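Heads up, final03.cif below (mmCIF, C-alpha atoms):
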```cif
data_upload
loop_
_atom_site.label_atom_id
_atom_site.label_comp_id
_atom_site.auth_asym_id
_atom_site.auth_seq_id
_atom_site.Cartn_x
_atom_site.Cartn_y
_atom_site.Cartn_z
CA MET A 1 -16.04 19.88 3.39
CA HIS A 2 -17.60 16.71 2.02
CA SER A 3 -14.29 15.58 0.53
CA ALA A 4 -12.43 16.19 3.76
CA ALA A 5 -15.10 14.36 5.71
CA SER A 6 -14.99 11.35 3.42
CA GLU A 7 -11.19 11.18 3.58
CA SER A 8 -11.34 11.46 7.36
CA THR A 9 -13.88 8.64 7.50
CA ALA A 10 -11.76 6.43 5.25
CA GLY A 11 -8.66 7.16 7.31
CA ALA A 12 -10.46 6.40 10.56
CA ALA A 13 -11.75 3.12 9.14
CA GLU A 14 -8.27 2.17 8.02
CA GLU A 15 -6.80 2.93 11.45
CA SER A 16 -9.56 0.92 13.09
CA HIS A 17 -8.80 -2.11 10.93
CA ALA A 18 -5.07 -1.69 11.54
CA SER A 19 -5.53 -1.64 15.28
CA ALA A 20 -7.74 -4.76 15.06
CA TRP A 21 -5.17 -6.70 13.06
CA ARG A 22 -3.72 -9.84 14.54
CA ALA A 23 -1.05 -11.92 12.85
CA PRO A 24 -2.43 -15.17 11.41
CA THR A 25 -1.46 -18.24 13.36
CA GLY A 26 0.72 -20.94 11.88
CA ARG A 27 -2.30 -23.24 11.77
CA GLU A 28 -4.33 -20.66 9.85
CA ILE A 29 -1.52 -20.09 7.34
CA GLY A 30 -1.06 -23.84 6.89
CA THR A 31 -4.80 -24.38 6.39
CA LEU A 32 -5.14 -21.58 3.84
CA LEU A 33 -2.12 -22.67 1.82
CA THR A 34 -3.25 -26.30 1.91
CA ILE A 35 -6.68 -25.30 0.60
CA ALA A 36 -5.00 -23.24 -2.12
CA LEU A 37 -2.81 -26.19 -3.11
CA LEU A 38 -5.89 -28.45 -3.25
CA VAL A 39 -7.62 -25.94 -5.54
CA LEU A 40 -4.58 -25.91 -7.82
CA PHE A 41 -4.45 -29.71 -7.79
CA CYS A 42 -8.15 -30.37 -8.34
CA ARG A 43 -8.28 -28.11 -11.39
CA LEU A 44 -6.14 -30.52 -13.36
CA PRO A 45 -4.53 -33.29 -11.27
CA ARG A 46 -2.35 -34.69 -14.05
CA LEU A 47 -0.62 -31.34 -14.38
CA LEU A 48 0.82 -31.49 -10.86
CA LEU A 49 1.47 -35.22 -11.21
CA HIS A 50 3.27 -35.12 -14.57
CA GLY A 51 4.07 -31.47 -15.25
CA ARG A 52 4.10 -29.56 -18.52
CA ILE A 53 6.27 -27.17 -20.50
CA LEU A 54 4.57 -24.45 -22.51
CA ALA A 55 5.67 -22.17 -25.33
CA GLU A 56 8.81 -20.12 -24.58
CA GLU A 57 9.49 -22.13 -21.42
CA GLY A 58 10.79 -24.85 -23.71
CA THR A 59 11.54 -23.27 -27.08
CA THR A 60 13.45 -20.30 -25.64
CA TYR A 61 14.62 -20.80 -22.05
CA LEU A 62 15.16 -24.55 -21.80
CA ARG A 63 16.66 -24.82 -25.28
CA TYR A 64 19.06 -21.93 -24.69
CA ALA A 65 20.13 -23.29 -21.30
CA TRP A 66 20.73 -26.64 -22.98
CA ASP A 67 22.88 -25.28 -25.81
CA ALA A 68 24.78 -22.31 -24.28
CA THR A 69 27.36 -22.29 -21.52
CA PRO A 70 25.83 -22.19 -18.02
CA LEU A 71 27.07 -18.66 -17.28
CA ARG A 72 25.81 -17.33 -20.59
CA ALA A 73 22.45 -19.04 -20.07
CA MET A 74 22.13 -17.52 -16.61
CA LEU A 75 22.83 -13.96 -17.77
CA ALA A 76 21.08 -13.97 -21.15
CA PRO A 77 18.05 -11.71 -21.68
CA HIS A 78 15.24 -13.17 -23.77
CA GLN A 79 12.04 -11.83 -25.31
CA GLY A 80 13.24 -8.25 -24.86
CA TYR A 81 13.78 -8.41 -21.09
CA TYR A 82 15.74 -10.29 -18.45
CA SER A 83 14.11 -13.00 -16.35
CA LEU A 84 16.14 -14.37 -13.46
CA LEU A 85 13.48 -16.90 -12.51
CA ASP A 86 13.11 -18.40 -15.99
CA ASN A 87 16.87 -18.49 -16.58
CA LEU A 88 17.58 -20.10 -13.22
CA CYS A 89 14.86 -22.75 -13.51
CA ALA A 90 15.82 -23.55 -17.11
CA LEU A 91 19.48 -23.89 -16.12
CA ILE A 92 18.66 -26.22 -13.22
CA ALA A 93 16.36 -28.30 -15.45
CA ALA A 94 18.95 -28.50 -18.23
CA ARG A 95 22.10 -29.11 -16.20
CA LEU A 96 21.21 -30.60 -12.82
CA LEU A 97 18.10 -32.69 -13.45
CA PRO A 98 17.28 -35.46 -15.90
CA LEU A 99 15.32 -34.08 -18.85
CA SER A 100 12.35 -36.26 -17.89
CA ALA A 101 12.00 -34.22 -14.68
CA ALA A 102 12.09 -30.82 -16.40
CA ALA A 103 8.31 -30.52 -16.85
CA LEU A 104 7.58 -31.36 -13.21
CA PHE A 105 10.29 -28.98 -12.05
CA PHE A 106 8.89 -26.09 -14.13
CA THR A 107 5.36 -26.74 -12.92
CA TRP A 108 6.25 -27.03 -9.25
CA SER A 109 8.46 -23.95 -9.46
CA SER A 110 5.34 -22.13 -10.65
CA VAL A 111 3.41 -23.63 -7.72
CA ALA A 112 6.04 -22.23 -5.35
CA VAL A 113 5.66 -18.73 -6.84
CA GLN A 114 1.88 -18.91 -6.54
CA LEU A 115 2.12 -20.06 -2.93
CA LEU A 116 4.57 -17.24 -2.21
CA LEU A 117 2.01 -14.73 -3.48
CA LEU A 118 -0.75 -16.34 -1.41
CA PHE A 119 1.47 -16.34 1.68
CA LEU A 120 2.10 -12.61 1.25
CA VAL A 121 -1.63 -12.01 0.82
CA ILE A 122 -2.43 -13.96 3.99
CA GLU A 123 0.23 -12.08 5.94
CA CYS A 124 -0.78 -8.66 4.58
CA GLU A 125 -1.79 -6.42 7.49
CA VAL A 126 -4.54 -4.81 5.41
CA PHE A 127 -6.61 -8.01 5.68
CA PRO A 128 -7.10 -8.27 9.46
CA THR A 129 -9.74 -10.99 9.81
CA PRO A 130 -9.78 -14.66 8.78
CA SER A 131 -12.79 -14.07 6.52
CA GLU A 132 -10.95 -11.31 4.63
CA ARG A 133 -7.91 -13.54 4.23
CA TRP A 134 -10.07 -16.31 2.80
CA CYS A 135 -11.70 -13.88 0.35
CA ALA A 136 -8.33 -12.41 -0.64
CA LEU A 137 -6.96 -15.91 -1.21
CA PHE A 138 -9.78 -16.85 -3.59
CA ALA A 139 -9.67 -13.45 -5.26
CA VAL A 140 -6.15 -14.21 -6.48
CA LEU A 141 -6.93 -17.86 -7.30
CA LEU A 142 -10.19 -17.33 -9.18
CA VAL A 143 -10.00 -13.94 -10.91
CA THR A 144 -11.02 -14.54 -14.52
CA PRO A 145 -7.71 -14.27 -16.46
CA ASN A 146 -5.91 -16.60 -14.05
CA LEU A 147 -6.11 -19.66 -16.31
CA GLU A 148 -3.47 -18.26 -18.69
CA VAL A 149 -0.97 -17.65 -15.89
CA TRP A 150 -1.99 -20.78 -14.00
CA LEU A 151 1.07 -22.85 -13.15
CA ASN A 152 3.36 -21.93 -16.01
CA LEU A 153 6.78 -20.50 -15.44
CA GLY A 154 6.73 -17.98 -18.27
CA ASN A 155 3.92 -15.96 -16.68
CA CYS A 156 5.20 -15.97 -13.10
CA GLN A 157 6.29 -12.38 -13.67
CA SER A 158 2.59 -11.42 -13.60
CA VAL A 159 2.11 -13.31 -10.34
CA LEU A 160 5.14 -11.51 -8.87
CA ALA A 161 3.67 -8.16 -9.97
CA VAL A 162 0.62 -8.86 -7.79
CA ALA A 163 2.98 -9.81 -4.97
CA ALA A 164 4.73 -6.44 -5.37
CA ALA A 165 1.38 -4.65 -5.12
CA VAL A 166 0.51 -6.58 -1.95
CA ILE A 167 3.89 -5.65 -0.45
CA LEU A 168 3.16 -2.03 -1.37
CA ILE A 169 0.28 -1.98 1.13
CA SER A 170 1.99 -4.21 3.71
CA SER A 171 3.98 -3.16 6.75
CA THR A 172 7.75 -2.73 6.55
CA ARG A 173 8.10 -3.99 10.13
CA ARG A 174 7.25 -7.63 9.49
CA LEU A 175 8.64 -10.23 7.07
CA PHE A 176 11.10 -7.61 5.89
CA ALA A 177 13.61 -10.05 4.37
CA VAL A 178 10.92 -12.09 2.57
CA ARG A 179 9.22 -9.00 1.17
CA THR A 180 12.47 -7.38 0.08
CA GLY A 181 13.62 -10.58 -1.59
CA THR A 182 10.29 -10.90 -3.40
CA LEU A 183 10.54 -7.34 -4.72
CA THR A 184 14.06 -8.00 -5.98
CA LEU A 185 12.95 -11.23 -7.67
CA ALA A 186 9.97 -9.44 -9.23
CA GLY A 187 12.20 -6.67 -10.58
CA LEU A 188 14.63 -9.19 -12.06
CA THR A 189 11.91 -11.39 -13.56
CA GLY A 190 10.45 -9.40 -16.42
CA VAL A 191 9.08 -5.87 -16.63
CA THR A 192 5.55 -6.44 -15.34
CA SER A 193 6.28 -5.12 -11.83
CA LEU A 194 8.13 -1.99 -12.91
CA PRO A 195 5.07 0.29 -13.43
CA LEU A 196 4.56 0.14 -9.64
CA ILE A 197 7.89 1.87 -8.91
CA PRO A 198 6.43 5.41 -8.57
CA LEU A 199 4.10 4.19 -5.82
CA PHE A 200 7.00 2.74 -3.84
CA TRP A 201 8.80 6.09 -3.98
CA LEU A 202 5.60 7.87 -2.99
CA ARG A 203 5.55 5.59 0.06
CA VAL A 204 9.14 6.60 0.84
CA TRP A 205 8.13 10.25 0.70
CA ARG A 206 5.14 9.66 2.99
CA GLU A 207 6.81 7.41 5.58
CA ARG A 208 10.40 8.70 5.55
CA SER A 209 11.61 5.29 6.78
CA ARG A 210 14.75 3.34 5.94
CA ARG A 211 12.85 0.14 5.29
CA ALA A 212 10.45 1.82 2.86
CA LEU A 213 13.53 3.13 1.06
CA ILE A 214 14.98 -0.39 0.84
CA PHE A 215 11.67 -1.64 -0.57
CA ALA A 216 11.80 1.06 -3.26
CA LEU A 217 15.45 0.39 -4.10
CA SER A 218 14.83 -3.37 -4.27
CA ILE A 219 12.44 -2.94 -7.18
CA THR A 220 14.05 0.16 -8.71
CA LEU A 221 17.64 -0.99 -9.12
CA PRO A 222 16.65 -4.01 -11.26
CA ALA A 223 14.64 -1.59 -13.38
CA PHE A 224 17.86 -0.03 -14.68
CA LEU A 225 18.94 -3.42 -16.00
CA GLN A 226 15.52 -4.05 -17.52
CA SER A 227 15.49 -0.60 -19.12
CA VAL A 228 18.83 -1.21 -20.83
CA VAL A 229 17.64 -4.56 -22.18
CA LEU A 230 14.27 -3.16 -23.28
CA LEU A 231 15.79 -0.14 -25.02
CA HIS A 232 18.22 -2.39 -26.86
CA SER A 233 15.31 -4.60 -27.94
CA ILE A 234 13.36 -1.58 -29.19
CA ARG A 235 16.32 -0.25 -31.15
CA SER A 236 16.95 -3.64 -32.73
CA GLY A 237 13.31 -3.79 -33.86
CA ASN A 238 12.23 -6.74 -31.74
CA ARG A 239 9.84 -4.68 -29.63
CA PRO A 240 8.05 -2.03 -31.72
CA VAL A 241 6.77 1.11 -30.01
CA THR A 242 4.35 2.29 -32.69
CA SER A 243 1.42 0.49 -34.22
CA PRO A 244 -1.46 1.25 -36.57
CA TYR A 245 -3.65 -0.50 -34.01
CA LEU A 246 -3.01 1.87 -31.13
CA ARG A 247 -6.54 3.22 -31.62
CA SER A 248 -7.82 -0.12 -30.34
CA LEU A 249 -5.92 0.07 -27.04
CA VAL A 250 -8.73 1.63 -25.01
CA ALA A 251 -11.10 -1.03 -26.33
CA TYR A 252 -8.54 -3.77 -25.65
CA ILE A 253 -7.80 -2.65 -22.09
CA SER A 254 -11.47 -2.15 -21.22
CA SER A 255 -12.24 -5.55 -22.74
CA ARG A 256 -9.73 -7.33 -20.50
CA ILE A 257 -10.11 -5.22 -17.35
CA VAL A 258 -13.89 -4.62 -17.29
CA VAL A 259 -15.76 -6.86 -19.71
CA LEU A 260 -13.79 -10.10 -19.27
CA PRO A 261 -14.00 -10.25 -15.43
CA LEU A 262 -17.71 -9.34 -15.46
CA THR A 263 -18.96 -11.43 -18.38
CA THR A 264 -16.26 -14.08 -19.01
CA GLY A 265 -14.66 -14.70 -22.39
CA ARG A 266 -17.94 -14.86 -24.30
CA GLY A 267 -18.83 -11.32 -23.28
CA ALA A 268 -15.35 -10.11 -24.19
CA GLU A 269 -15.72 -11.70 -27.62
CA TYR A 270 -19.08 -10.00 -28.29
CA TYR A 271 -17.71 -6.71 -27.03
CA GLY A 272 -14.66 -6.94 -29.30
CA GLU A 273 -16.74 -7.79 -32.36
CA PHE A 274 -19.09 -4.88 -31.68
CA VAL A 275 -16.18 -2.44 -31.35
CA LEU A 276 -14.59 -3.67 -34.57
CA GLN A 277 -17.87 -3.45 -36.49
CA HIS A 278 -18.60 0.06 -35.16
CA ALA A 279 -15.19 1.65 -35.43
CA GLY A 280 -16.49 5.08 -36.36
CA ILE A 281 -15.54 8.22 -34.48
CA GLY A 282 -18.86 8.32 -32.64
CA TRP A 283 -18.50 4.94 -30.96
CA THR A 284 -14.82 5.51 -30.34
CA PHE A 285 -15.58 8.82 -28.62
CA ALA A 286 -18.35 7.18 -26.55
CA LEU A 287 -15.95 4.43 -25.48
CA TYR A 288 -13.41 7.02 -24.34
CA LEU A 289 -16.11 8.87 -22.37
CA MET A 290 -17.29 5.67 -20.66
CA SER A 291 -13.71 4.76 -19.82
CA CYS A 292 -13.13 8.18 -18.24
CA ALA A 293 -16.36 7.83 -16.27
CA LEU A 294 -15.27 4.43 -14.94
CA LEU A 295 -11.91 5.85 -13.92
CA VAL A 296 -13.61 8.62 -11.95
CA LEU A 297 -16.11 6.24 -10.34
CA GLY A 298 -13.29 3.93 -9.32
CA TYR A 299 -11.40 6.78 -7.74
CA LEU A 300 -14.47 7.96 -5.82
CA LEU A 301 -15.20 4.42 -4.60
CA PHE A 302 -11.72 3.63 -3.35
CA ARG A 303 -11.19 7.09 -1.88
CA ARG A 304 -14.17 6.36 0.37
CA THR A 305 -12.67 3.01 1.35
CA SER A 306 -9.11 3.32 2.62
CA ARG A 307 -5.67 4.52 1.63
CA ALA A 308 -4.66 0.92 0.86
CA ALA A 309 -7.58 0.50 -1.54
CA LEU A 310 -6.67 3.73 -3.31
CA VAL A 311 -3.04 2.62 -3.62
CA LEU A 312 -4.17 -0.70 -5.11
CA TYR A 313 -6.42 1.16 -7.54
CA PHE A 314 -3.57 3.28 -8.85
CA ALA A 315 -1.31 0.22 -8.93
CA ALA A 316 -3.84 -1.54 -11.16
CA LEU A 317 -4.10 1.49 -13.46
CA LEU A 318 -0.32 1.75 -13.78
CA SER A 319 -0.09 -1.97 -14.47
CA SER A 320 -2.81 -2.00 -17.13
CA SER A 321 -1.37 1.06 -18.85
CA PHE A 322 1.82 -0.88 -19.58
CA ASP A 323 1.00 -4.58 -19.64
CA TRP A 324 -0.73 -4.47 -23.03
CA TYR A 325 2.75 -3.86 -24.47
CA GLY A 326 3.52 -7.53 -24.09
CA CYS A 327 1.10 -8.27 -26.92
CA LEU A 328 1.39 -5.11 -29.01
CA SER A 329 1.53 -6.97 -32.31
CA CYS A 330 -1.57 -9.06 -31.50
CA THR A 331 -3.65 -6.37 -29.79
CA PHE A 332 -5.98 -5.74 -32.70
CA ALA A 333 -6.25 -9.40 -33.73
CA ARG A 334 -7.06 -10.57 -30.20
CA LEU A 335 -9.73 -7.98 -29.45
CA PRO A 336 -12.71 -10.12 -30.60
CA SER A 337 -11.35 -13.35 -29.07
CA SER A 338 -12.91 -15.08 -26.08
CA GLY A 339 -10.52 -13.59 -23.55
CA GLY A 340 -7.29 -14.50 -25.34
CA GLU A 341 -4.14 -12.84 -24.04
CA GLY A 342 -5.91 -12.01 -20.78
CA ARG A 343 -2.69 -12.98 -19.00
CA TYR A 344 -1.25 -9.58 -19.84
CA PHE A 345 -3.88 -8.08 -17.54
CA PHE A 346 -3.88 -10.71 -14.80
CA ALA A 347 -1.93 -8.41 -12.50
CA ALA A 348 -4.29 -5.46 -12.98
CA ASN A 349 -7.38 -7.66 -12.54
CA SER A 350 -6.06 -9.31 -9.38
CA ILE A 351 -5.02 -5.99 -7.85
CA LEU A 352 -8.40 -4.43 -8.64
CA LEU A 353 -10.23 -7.38 -7.12
CA LEU A 354 -8.22 -7.04 -3.90
CA ALA A 355 -9.12 -3.34 -3.84
CA LEU A 356 -12.76 -4.27 -4.39
CA LEU A 357 -12.56 -6.64 -1.41
CA LEU A 358 -11.42 -3.73 0.75
CA ALA A 359 -14.32 -1.65 -0.58
CA ALA A 360 -16.74 -4.46 0.24
CA THR A 361 -15.59 -4.48 3.87
CA ARG A 362 -14.81 -0.80 4.53
CA ALA A 363 -16.44 1.60 2.09
CA THR A 364 -18.96 4.07 3.45
CA PRO A 365 -21.93 4.44 3.39
CA ARG A 366 -23.06 0.86 3.79
CA TRP A 367 -24.89 0.64 0.47
CA ILE A 368 -21.61 1.30 -1.34
CA SER A 369 -19.85 -1.52 0.48
CA GLY A 370 -22.84 -3.75 -0.28
CA ALA A 371 -22.63 -2.96 -3.99
CA ALA A 372 -18.88 -3.62 -3.93
CA ALA A 373 -19.52 -6.99 -2.24
CA ILE A 374 -21.98 -7.94 -5.00
CA PHE A 375 -19.46 -7.06 -7.69
CA PHE A 376 -16.74 -8.96 -5.83
CA GLY A 377 -18.88 -12.09 -5.58
CA TRP A 378 -19.98 -11.80 -9.21
CA ILE A 379 -16.38 -11.61 -10.46
CA ILE A 380 -15.42 -14.66 -8.40
CA CYS A 381 -18.35 -16.58 -9.94
CA THR A 382 -17.47 -15.55 -13.49
CA GLY A 383 -13.89 -16.60 -12.81
CA ILE A 384 -15.07 -20.08 -11.83
CA PHE A 385 -17.37 -20.29 -14.85
CA HIS A 386 -14.66 -19.06 -17.23
CA TYR A 387 -12.31 -21.75 -15.94
CA PHE A 388 -14.74 -24.54 -16.85
CA ARG A 389 -15.32 -22.97 -20.27
CA MET A 390 -11.59 -22.90 -20.94
CA ARG A 391 -10.74 -26.28 -19.43
CA PRO A 392 -9.97 -27.82 -22.88
CA TYR A 393 -7.31 -25.13 -23.32
CA LEU A 394 -5.61 -26.29 -20.12
CA ASN A 395 -5.44 -29.85 -21.48
CA ASP A 396 -3.92 -28.70 -24.76
CA TYR A 397 -0.37 -29.90 -24.24
CA PRO A 398 1.45 -33.14 -25.12
CA ALA A 399 2.72 -35.51 -22.43
CA TRP A 400 6.37 -34.82 -21.64
CA GLN A 401 7.83 -38.08 -20.30
CA PRO A 402 6.92 -40.34 -23.27
CA GLN A 403 8.55 -37.89 -25.65
CA VAL A 404 11.69 -37.74 -23.53
CA ARG A 405 11.91 -41.55 -23.51
CA ARG A 406 11.82 -41.56 -27.32
CA TRP A 407 14.45 -38.80 -27.39
CA GLN A 408 16.70 -40.80 -25.04
CA GLN A 409 16.76 -43.58 -27.63
CA ASP A 410 17.30 -41.21 -30.57
CA GLU A 411 18.27 -37.56 -30.13
CA ARG A 412 16.81 -36.76 -33.55
CA GLN A 413 13.32 -37.30 -32.15
CA PRO A 414 11.51 -33.95 -31.71
CA ILE A 415 9.91 -32.96 -28.41
CA LEU A 416 6.62 -31.16 -28.93
CA ILE A 417 5.62 -28.15 -26.84
CA GLY A 418 2.06 -27.07 -26.01
CA PRO A 419 -0.32 -25.46 -26.71
CA SER A 420 -1.19 -26.86 -30.14
CA HIS A 421 -0.08 -23.88 -32.24
CA TRP A 422 3.44 -24.22 -30.76
CA ARG A 423 3.88 -27.75 -32.10
CA THR A 424 5.24 -26.32 -35.35
CA ASN A 425 8.33 -25.32 -33.33
CA PRO A 426 9.44 -28.55 -31.60
CA LEU A 427 12.53 -28.97 -29.47
CA TYR A 428 15.58 -30.64 -30.98
CA LEU A 429 18.14 -31.34 -28.25
CA THR A 430 21.43 -33.19 -28.42
CA HIS A 431 22.41 -35.79 -25.84
CA GLN A 432 25.60 -33.85 -25.12
CA HIS A 433 25.42 -30.16 -24.24
CA PRO A 434 27.06 -28.07 -27.00
CA ASN A 435 28.19 -25.40 -24.46
CA ARG A 436 28.28 -22.75 -27.15
CA LYS A 437 29.96 -19.49 -26.14
CA ASP A 438 28.94 -17.68 -29.33
CA LEU A 439 25.20 -18.40 -29.23
CA PRO A 440 23.29 -15.08 -29.61
CA VAL A 441 21.04 -14.36 -26.63
CA ASN A 442 18.00 -13.99 -28.89
CA ALA A 443 18.79 -17.05 -31.04
CA TYR A 444 15.65 -18.91 -29.92
CA ASP A 445 13.39 -15.99 -28.96
CA SER A 446 9.88 -16.34 -30.34
CA LEU A 447 9.95 -12.60 -31.09
CA ALA A 448 12.32 -13.36 -33.94
CA ALA A 449 9.50 -15.25 -35.67
CA ARG A 450 6.77 -12.77 -34.70
CA PRO A 451 5.51 -10.57 -37.56
CA ARG A 452 6.73 -7.01 -37.38
CA ASP A 453 4.04 -4.53 -36.37
CA ASP A 454 4.71 -2.10 -39.24
#
```

Whole structure given in structure tokens:
Amino acid sequence: MHSAASESTAGAAEESHASAWRAPTGREIGTLLTIALLVLFCRLPRLLLHGRILAEEGTTYLRYAWDATPLRAMLAPHQGYYSLLDNLCALIAARLLPLSAAALFFTWSSVAVQLLLLFLVIECEVFPTPSERWCALFAVLLVTPNLEVWLNLGNCQSVLAVAAAVILISSTRRLFAVRTGTLTLAGLTGVTSLPLIPLFWLRVWRERSRRALIFALSITLPAFLQSVVLLHSIRSGNRPVTSPYLRSLVAYISSRIVVLPLTTGRGAEYYGEFVLQHAGIGWTFALYLMSCALLVLGYLLFRRTSRAALVLYFAALLSSSFDWYGCLSCTFARLPSSGGEGRYFFAANSILLLALLLAATRATPRWISGAAAIFFGWIICTGIFHYFRMRPYLNDYPAWQPQVRRWQQDERQPILIGPSHWRTNPLYLTHQHPNRKDLPVNAYDSLAARPRDD
């Protein structure tokens, strides 16, 4: 009886909010996106003024697009998956723009993806009031792990995964073309969005609508391509599926999903060190019990909120259960770091924070929504604080244009890529494109240099 009553209350609250929803005006959308762009700019103005290229953006995608034929560069999978966005931007930067403009183009392409996500959040029917839209906007901008995915092309797949989750709780009757196109782009840009596929098919089963079916197919069909590429990568040994460090996964996930957003990187570092120093069966068992308790509490909270909040909760769980795979070989090593590799859980953290916003505005009884609001505000504050702590990391990249000017005078001059530990793998580009038809697709993948996780 109590369960049925709580579900009825949550459903009634959701219907009430849905009936109160009004589409945001053009002025409101423009204001919110302008504020978001100012936040992005004020964090590090020189980044949007001069641009940057980080890690695989340069050493893998740009270099391959420079050396291979255009068609081969467009279709080549890298890093164990296929990324349409990275391939397309690298090809445009290598073949249509002067090399000096490549860094700005990469950075502003990332800005466009971030603004696309924020536009979809603003237009999401689940956030009916201006105040909720403002909170949702800052939830995505300020959630703690955002600095690692902040304005770099290689991690746009995580931003698109959050966009897919937002579309999952959005109406199929509005912005249908934009939302369908975003889902297709997300499915073709890495594997981060693919764990959400079961929820799209659950929506098809519940709604029995043609548009819900198109949404599901838009993200599912690219998954077949990604699965082929991923299986080939696993069989070739580039992406291992077993690890002696799997026992640390619960600690790693809880560190990045719970401890990092609540305590910033310093808390995650202390937590990781404690787990590593107390790796006995007792502490491990206690950690598993606490994790199970948090899972149950989360379910109870979001069940008393709304169907959309519950969908976001399961979307975050599905995302976090898979996203650690991106850093399988560094899972154990990164556990005691100050939030390192948090980008692999940006999607799960952002989705959970949006669900927490819904709980803060709709959960019953009122004390539960009040507690959710406190947690929401606390996580926003820790996200701001964590950004200032990690600001030196954001500045850790060499200027692009001066290096390109030296390269223009002598093609033997290397072009260094940030952050600092990537400078041992500089770019060597020729003035004339080699247009190689025989260049292996993984010739420049960083996975080739990554230690095997035996």

With the cut-off set at 10 Å and counting only C-alpha atoms, tabulate each residue of segment 167-269 of chain A with an atom at most that distance from an atom of segment 104-127 of chain A, showing the nearest atom pair and its distance in Å to one decimal, ordered by chain and increasing number, as a Markdown table.
```
| residue | atom | partner | partner_atom | distance |
| --- | --- | --- | --- | --- |
| A:Ile167 | CA | A:Leu120 | CA | 7.4 |
| A:Leu168 | CA | A:Cys124 | CA | 9.7 |
| A:Ile169 | CA | A:Val126 | CA | 7.0 |
| A:Ser170 | CA | A:Cys124 | CA | 5.3 |
| A:Ser171 | CA | A:Glu125 | CA | 6.7 |
| A:Arg174 | CA | A:Glu123 | CA | 9.0 |
| A:Leu175 | CA | A:Glu123 | CA | 8.7 |
| A:Val178 | CA | A:Leu120 | CA | 8.9 |
| A:Arg179 | CA | A:Leu120 | CA | 8.0 |
| A:Thr182 | CA | A:Leu116 | CA | 8.6 |
```

How would the residues just picked look written out with C-alpha atoms as a PDB file, in the coordinates of the input?
```
ATOM      1  CA  ILE A 167       3.890  -5.650  -0.450  1.00  0.00           C
ATOM      2  CA  LEU A 168       3.160  -2.030  -1.370  1.00  0.00           C
ATOM      3  CA  ILE A 169       0.280  -1.980   1.130  1.00  0.00           C
ATOM      4  CA  SER A 170       1.990  -4.210   3.710  1.00  0.00           C
ATOM      5  CA  SER A 171       3.980  -3.160   6.750  1.00  0.00           C
ATOM      6  CA  ARG A 174       7.250  -7.630   9.490  1.00  0.00           C
ATOM      7  CA  LEU A 175       8.640 -10.230   7.070  1.00  0.00           C
ATOM      8  CA  VAL A 178      10.920 -12.090   2.570  1.00  0.00           C
ATOM      9  CA  ARG A 179       9.220  -9.000   1.170  1.00  0.00           C
ATOM     10  CA  THR A 182      10.290 -10.900  -3.400  1.00  0.00           C
TER      11      THR A 182
END
```

| Interatomic distance between atom CA of Leu188 of chain A and atom CA of Met74 of chain A? |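 Computing the Euclidean distance for atom CA of Leu188 of chain A and atom CA of Met74 of chain A yields 12.1 Å.
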
| message | What does the structure give for the distance between atom CA of Ile380 of chain A and atom CA of Ser254 of chain A, in Å to one decimal? | response | 18.3 Å

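One distance worth recording is that between atom CA of Ala309 of chain A and atom CA of Ala363 of chain A, which is 9.6 Å.
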
| message | If the PyMOL selection byres ((chain A and resi 42-52) around 6) were run on this exact file, what residues would it hold? Put them as a PyMOL selection string. | response | chain A and resi 38-41+53+103-104+107

Same residues, C-alpha atoms, output as an mmCIF file, keeping the file's coordinate frame:
```cif
data_model
loop_
_atom_site.group_PDB
_atom_site.id
_atom_site.type_symbol
_atom_site.label_atom_id
_atom_site.label_comp_id
_atom_site.auth_asym_id
_atom_site.auth_seq_id
_atom_site.Cartn_x
_atom_site.Cartn_y
_atom_site.Cartn_z
ATOM 1 C CA LEU A 38 -5.890 -28.450 -3.250
ATOM 2 C CA VAL A 39 -7.620 -25.940 -5.540
ATOM 3 C CA LEU A 40 -4.580 -25.910 -7.820
ATOM 4 C CA PHE A 41 -4.450 -29.710 -7.790
ATOM 5 C CA ILE A 53 6.270 -27.170 -20.500
ATOM 6 C CA ALA A 103 8.310 -30.520 -16.850
ATOM 7 C CA LEU A 104 7.580 -31.360 -13.210
ATOM 8 C CA THR A 107 5.360 -26.740 -12.920
#
```

| Residues matched by the PyMOL selection byres ((chain A and resi 190-197) around 7) as a list in words | Tyr81, Tyr82, Ser83, Gln157, Ser158, Ala161, Ala164, Ala186, Gly187, Leu188, Thr189, Pro198, Leu199, Phe200, Trp201, Ala216, Ile219, Thr220, Ala223, Gln226, Ala315, Leu318, Ser319 and Asp323 of chain A

| task | Point out the residue among A:Ala101, A:Leu71, A:Cys135, A:Ala163 with the least atom-to-atom distance to Lys437 of chain A, counting only C-alpha atoms. | result |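 Selected residue with least distance to Lys437 of chain A: A:Leu71.
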
| Between A:His78, A:Phe138, A:Ala212, A:Ala93, which has the minimum distance to Arg173 of chain A (counting all atoms listed in the file)? |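 For Arg173 of chain A, the nearest of the given residues is A:Ala212.
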
| field | Residue among A:Thr361, A:Gln277, A:Asn155, A:Ser227 lying closest to Arg133 of chain A, counting only C-alpha atoms | value |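 Between A:Thr361, A:Gln277, A:Asn155, A:Ser227, the residue approaching Arg133 of chain A most closely is A:Thr361.
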
| Nearest-residue call for Leu153 of chain A, choices A:Ser369, A:Asn87, A:Thr263, A:Ser236, using all atoms listed in the file | A:Asn87

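Ranking A:Ile253, A:Ala136, A:Ala371, A:Ala94 by their shortest atom-to-atom distance to Phe345 of chain A, with all atoms listed in the file included, puts A:Ile253 first.
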